[in-house]
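Student: Sharing data_25.csv, CSV, C-alpha atoms:
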chain,number,residue,atom,x,y,z
A,1,MET,CA,-2.2,-27.9,-3.7
A,2,PRO,CA,-2.3,-31.6,-4.7
A,3,VAL,CA,1.0,-33.3,-3.8
A,4,PRO,CA,2.3,-35.8,-6.4
A,5,LYS,CA,2.4,-39.4,-5.2
A,6,GLY,CA,5.6,-40.2,-3.5
A,7,SER,CA,6.5,-36.6,-2.8
A,8,THR,CA,7.3,-35.3,0.7
A,9,ILE,CA,4.8,-32.8,2.0
A,10,ASP,CA,6.5,-29.5,2.9
A,11,PRO,CA,4.0,-27.7,5.2
A,12,GLU,CA,5.4,-24.2,4.6
A,13,ARG,CA,5.5,-24.7,0.8
A,14,THR,CA,1.9,-26.0,0.9
A,15,ARG,CA,0.7,-23.1,2.9
A,16,SER,CA,2.5,-20.6,0.6
A,17,GLY,CA,1.0,-22.3,-2.4
A,18,ILE,CA,-2.5,-22.0,-1.1
A,19,ILE,CA,-2.0,-18.3,-0.3
A,20,ASP,CA,-0.6,-17.7,-3.8
A,21,ALA,CA,-3.5,-19.5,-5.5
A,22,ALA,CA,-6.2,-17.9,-3.4
A,23,SER,CA,-4.9,-14.3,-3.6
A,24,PRO,CA,-6.0,-13.5,-7.1
A,25,LEU,CA,-9.4,-15.1,-6.6
A,26,LEU,CA,-10.2,-13.2,-3.5
A,27,TYR,CA,-9.0,-10.0,-5.1
A,28,GLU,CA,-11.1,-10.5,-8.2
A,29,ARG,CA,-14.2,-11.8,-6.6
A,30,GLY,CA,-14.1,-10.1,-3.2
A,31,LEU,CA,-13.7,-11.6,0.2
A,32,HIS,CA,-17.3,-12.7,0.3
A,33,GLY,CA,-17.8,-13.2,-3.4
A,34,ILE,CA,-16.6,-16.8,-3.3
A,35,GLY,CA,-17.5,-19.6,-0.9
A,36,VAL,CA,-15.2,-22.1,0.7
A,37,ALA,CA,-16.3,-25.0,-1.5
A,38,GLU,CA,-15.7,-23.1,-4.7
A,39,LEU,CA,-12.5,-21.6,-3.5
A,40,CYS,CA,-11.1,-25.0,-2.5
A,41,SER,CA,-12.2,-26.4,-5.9
A,42,ARG,CA,-10.5,-23.6,-7.8
A,43,ILE,CA,-7.2,-23.8,-6.0
A,44,GLY,CA,-7.1,-27.6,-5.8
A,45,VAL,CA,-7.2,-28.3,-2.1
A,46,SER,CA,-9.7,-30.0,0.2
A,47,LYS,CA,-11.6,-28.1,2.9
A,48,GLU,CA,-9.8,-30.2,5.4
A,49,THR,CA,-6.4,-29.0,4.1
A,50,LEU,CA,-7.5,-25.4,4.1
A,51,TYR,CA,-8.8,-25.7,7.7
A,52,ARG,CA,-5.7,-27.5,8.8
A,53,TYR,CA,-3.4,-24.7,7.6
A,54,PHE,CA,-5.6,-21.6,8.3
A,55,GLY,CA,-8.3,-22.7,10.8
A,56,THR,CA,-11.1,-20.9,8.9
A,57,LYS,CA,-11.7,-18.9,5.7
A,58,ASP,CA,-11.0,-15.8,7.8
A,59,GLY,CA,-7.6,-17.2,8.7
A,60,LEU,CA,-6.9,-17.6,5.0
A,61,ILE,CA,-8.1,-14.1,4.2
A,62,GLN,CA,-5.7,-12.7,6.9
A,63,ALA,CA,-2.8,-14.7,5.6
A,64,VAL,CA,-3.5,-13.6,2.0
A,65,LEU,CA,-3.7,-9.9,3.0
A,66,GLU,CA,-0.5,-10.1,5.0
A,67,ALA,CA,1.3,-11.7,2.1
A,68,ARG,CA,0.0,-9.1,-0.3
A,69,SER,CA,1.1,-6.3,2.0
A,70,ASP,CA,4.6,-7.7,2.1
A,71,ARG,CA,4.7,-8.1,-1.7
A,72,VAL,CA,3.3,-4.6,-2.5
A,73,THR,CA,5.5,-2.9,0.1
A,74,SER,CA,8.6,-4.6,-1.3
A,75,TRP,CA,7.6,-3.8,-4.8
A,76,ILE,CA,7.1,-0.1,-4.2
A,77,ALA,CA,10.2,0.2,-2.1
A,78,ALA,CA,12.3,-1.5,-4.8
A,79,ALA,CA,11.0,1.0,-7.4
A,80,ALA,CA,11.9,3.9,-5.2
A,81,GLY,CA,15.4,2.4,-4.5
A,82,ALA,CA,16.0,1.8,-8.2
A,83,ALA,CA,15.5,5.4,-9.0
A,84,GLY,CA,18.8,6.5,-7.4
A,85,GLU,CA,19.7,8.9,-4.6
A,86,ASP,CA,17.5,11.9,-5.6
A,87,PRO,CA,14.4,11.8,-3.3
A,88,ARG,CA,12.3,13.5,-6.0
A,89,GLU,CA,13.2,10.8,-8.5
A,90,GLN,CA,12.3,8.2,-5.9
A,91,LEU,CA,8.9,9.8,-5.3
A,92,ALA,CA,8.3,10.0,-9.1
A,93,ALA,CA,9.1,6.3,-9.4
A,94,VAL,CA,6.5,5.4,-6.7
A,95,PHE,CA,3.8,7.1,-8.7
A,96,ASP,CA,5.1,5.8,-12.0
A,97,GLU,CA,4.8,2.2,-10.6
A,98,LEU,CA,1.3,3.0,-9.3
A,99,HIS,CA,0.3,4.3,-12.7
A,100,ARG,CA,1.5,1.1,-14.4
A,101,TRP,CA,-0.5,-0.9,-11.9
A,102,TYR,CA,-3.7,1.1,-12.5
A,103,GLU,CA,-3.4,0.3,-16.2
A,104,GLU,CA,-3.3,-3.5,-15.7
A,105,PRO,CA,-6.5,-5.2,-16.9
A,106,THR,CA,-6.7,-7.1,-13.5
A,107,PHE,CA,-6.6,-3.9,-11.4
A,108,ARG,CA,-9.5,-3.8,-8.9
A,109,GLY,CA,-8.2,-1.1,-6.5
A,110,CYS,CA,-6.2,-1.6,-3.4
A,111,ALA,CA,-6.8,-5.0,-1.8
A,112,MET,CA,-6.4,-3.4,1.6
A,113,HIS,CA,-9.0,-0.8,0.9
A,114,ASN,CA,-11.3,-3.4,-0.4
A,115,ALA,CA,-10.8,-5.7,2.5
A,116,ALA,CA,-11.4,-3.0,5.1
A,117,ALA,CA,-14.7,-2.1,3.3
A,118,GLN,CA,-15.8,-5.7,2.9
A,119,HIS,CA,-14.7,-7.3,6.1
A,120,GLN,CA,-14.5,-5.0,9.0
A,121,ALA,CA,-13.2,-7.5,11.5
A,122,PRO,CA,-10.5,-6.2,13.9
A,123,PRO,CA,-7.7,-8.5,12.5
A,124,VAL,CA,-8.4,-7.3,8.9
A,125,MET,CA,-8.5,-3.7,10.0
A,126,GLY,CA,-5.3,-4.2,11.9
A,127,ILE,CA,-3.5,-5.6,8.8
A,128,THR,CA,-4.8,-2.6,6.7
A,129,ALA,CA,-3.5,-0.1,9.3
A,130,ARG,CA,-0.1,-1.8,9.4
A,131,HIS,CA,0.0,-1.7,5.6
A,132,LEU,CA,-0.6,2.0,5.5
A,133,ASP,CA,2.0,2.5,8.3
A,134,ARG,CA,4.6,0.8,6.1
A,135,ARG,CA,3.7,3.0,3.1
A,136,LEU,CA,3.8,6.0,5.3
A,137,ASP,CA,7.3,5.1,6.5
A,138,LEU,CA,8.5,5.0,2.9
A,139,LEU,CA,7.0,8.3,2.0
A,140,THR,CA,8.2,10.0,5.2
A,141,ALA,CA,11.7,8.7,4.6
A,142,ILE,CA,11.6,10.3,1.1
A,143,ALA,CA,10.5,13.6,2.6
A,144,ARG,CA,13.2,13.4,5.2
A,145,ARG,CA,15.9,12.8,2.5
A,146,ALA,CA,14.5,15.7,0.5
A,147,GLY,CA,15.2,18.0,3.5
A,148,ALA,CA,11.7,18.7,4.6
A,149,ALA,CA,11.6,20.5,8.0
A,150,ASP,CA,8.5,18.4,9.0
A,151,PRO,CA,8.9,15.1,7.1
A,152,ASP,CA,6.1,13.4,9.2
A,153,THR,CA,3.5,15.9,8.0
A,154,VAL,CA,4.8,15.8,4.4
A,155,GLY,CA,4.7,12.0,4.5
A,156,ARG,CA,1.1,12.0,5.6
A,157,GLN,CA,0.2,14.4,2.8
A,158,LEU,CA,2.0,12.2,0.3
A,159,LEU,CA,0.1,9.2,1.7
A,160,LEU,CA,-3.2,11.0,1.0
A,161,LEU,CA,-2.2,11.5,-2.6
A,162,VAL,CA,-1.1,7.8,-3.0
A,163,GLU,CA,-4.3,6.4,-1.5
A,164,GLY,CA,-6.5,9.0,-3.1
A,165,ALA,CA,-5.1,8.3,-6.5
A,166,THR,CA,-5.6,4.5,-6.1
A,167,LEU,CA,-9.2,5.0,-5.1
A,168,ILE,CA,-9.9,7.4,-8.0
A,169,ALA,CA,-8.2,4.9,-10.4
A,170,ALA,CA,-10.4,2.1,-9.1
A,171,HIS,CA,-13.7,3.9,-9.3
A,172,TYR,CA,-13.4,6.8,-11.7
A,173,ASP,CA,-10.3,7.4,-13.9
A,174,ARG,CA,-7.5,5.0,-14.1
A,175,THR,CA,-5.8,6.6,-17.1
A,176,SER,CA,-4.7,9.9,-15.5
A,177,ALA,CA,-5.1,9.5,-11.7
A,178,GLY,CA,-1.5,8.4,-11.3
A,179,THR,CA,-0.1,11.2,-13.4
A,180,HIS,CA,-2.1,13.9,-11.7
A,181,ALA,CA,-1.2,12.6,-8.2
A,182,LYS,CA,2.5,12.5,-9.2
A,183,GLN,CA,2.4,16.1,-10.3
A,184,ALA,CA,0.8,17.1,-7.1
A,185,ALA,CA,3.2,15.1,-5.0
A,186,LEU,CA,6.3,16.6,-6.6
A,187,ALA,CA,4.9,20.1,-6.2
A,188,LEU,CA,4.1,19.3,-2.6
A,189,LEU,CA,7.7,18.1,-2.0
A,190,ALA,CA,9.2,21.1,-3.7
A,191,ALA,CA,7.1,23.5,-1.7
A,192,ALA,CA,7.8,21.9,1.7
A,193,PRO,CA,9.8,24.2,4.0
A,194,PRO,CA,13.3,22.9,4.2
A,195,VAL,CA,15.2,22.3,7.5
A,196,GLY,CA,16.3,25.5,9.0
A,197,ALA,CA,13.8,27.6,7.0
A,198,SER,CA,12.6,29.3,10.2
A,199,LEU,CA,16.1,30.6,10.8
A,200,LEU,CA,16.0,32.4,7.5
A,201,ARG,CA,12.8,34.2,8.0
A,202,PRO,CA,13.2,38.0,8.7
A,203,HIS,CA,12.3,38.9,12.2
A,204,VAL,CA,9.2,41.1,12.3
A,205,THR,CA,8.6,43.2,15.4
A,206,PRO,CA,5.0,42.8,16.6
A,207,PRO,CA,2.9,46.0,16.4
A,208,GLY,CA,3.0,48.1,19.6
A,209,THR,CA,6.3,46.7,20.7
A,210,PRO,CA,8.6,49.5,22.0
A,211,ARG,CA,11.7,49.9,19.9
A,212,ALA,CA,15.0,49.4,21.6
A,213,ARG,CA,17.0,52.6,22.0
A,214,HIS,CA,20.6,52.6,21.0
Take the structure from the file and write it as structure tokens.
Tutor:
Amino acid sequence: MPVPKGSTIDPERTRSGIIDAASPLLYERGLHGIGVAELCSRIGVSKETLYRYFGTKDGLIQAVLEARSDRVTSWIAAAAGAAGEDPREQLAAVFDELHRWYEEPTFRGCAMHNAAAQHQAPPVMGITARHLDRRLDLLTAIARRAGAADPDTVGRQLLLLVEGATLIAAHYDRTSAGTHAKQAALALLAAAPPVGASLLRPHVTPPGTPRARH
């Protein structure tokens, strides 16, 4: 970002400004859809500045993805938290937020999915994996608060619905993917065996087992 004459350069602010300016361009055009020269021109920095703060374009890509992961994770967690104490309402809020996102004109799918498909370098794949881990943590916590006996499994099942809905919305049907996924997620949560369910099941004697004599 150009610094007004006489202003003091704040390295962290400059770095954050470059990330904020580059993020929508890389999301819209794709990681390989815009070259360094055009990218620098569009965000108003020199190549020397970009390389000074990020080393390479790949370094900028990684910083953009990490910042986006932080922002999206906080946004979804805030939506769940604002829904109150009921885990079912929290889960519904997650999908409601996703549905609103799908309907935005600038929606181009999940930036992490896109990055993993376009740029299969280990650092990018690692950022994508950590992003999914953070989302899984949120969904597992919701399942645990709902009293699911196996919240880890339910969390993974909910993650499949979230990521599947986002993929469908990006490439097939953005108008109803979120609603359908929300319905499936709430049904899944309601059907999950509660803690202690195994203790409530009637004991069935296996066939051929001798009966106790009283």
Student: Just the number, please: distance in Å from CA of Glu97 in chain A to CA of Ala79 in chain A, one decimal.
Tutor: 7.1 Å
Student: For CA of Ala184 in chain A and CA of Ser69 in chain A, determine how far apart the two atoms are, in Å to one decimal place.
Tutor: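 Answer for the CA of Ala184 in chain A to CA of Ser69 in chain A separation: 25.1 Å.
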Student: In Å, how far is it from CA of Gly59 in chain A to CA of Arg130 in chain A?
Tutor: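 Value for the CA of Gly59 in chain A-CA of Arg130 in chain A distance: 17.1 Å.
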Student: Using only C-alpha atoms, which protein or nucleic acid residues come within 12 Å of range 165-168 of chain A? Drop anything in the same chain fewer than 5 positions from it, and give the result as a PyMOL selection string.
Tutor: chain A and resi 94-103+107-114+158-160+173-185
Student: Using all atoms listed in the file, can you tell me which of A:Ile142, A:Val45, A:Ala115, A:Ala93 comes closest to Glu28 in chain A?
Tutor: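 Smallest distance to Glu28 in chain A is found for A:Ala115.
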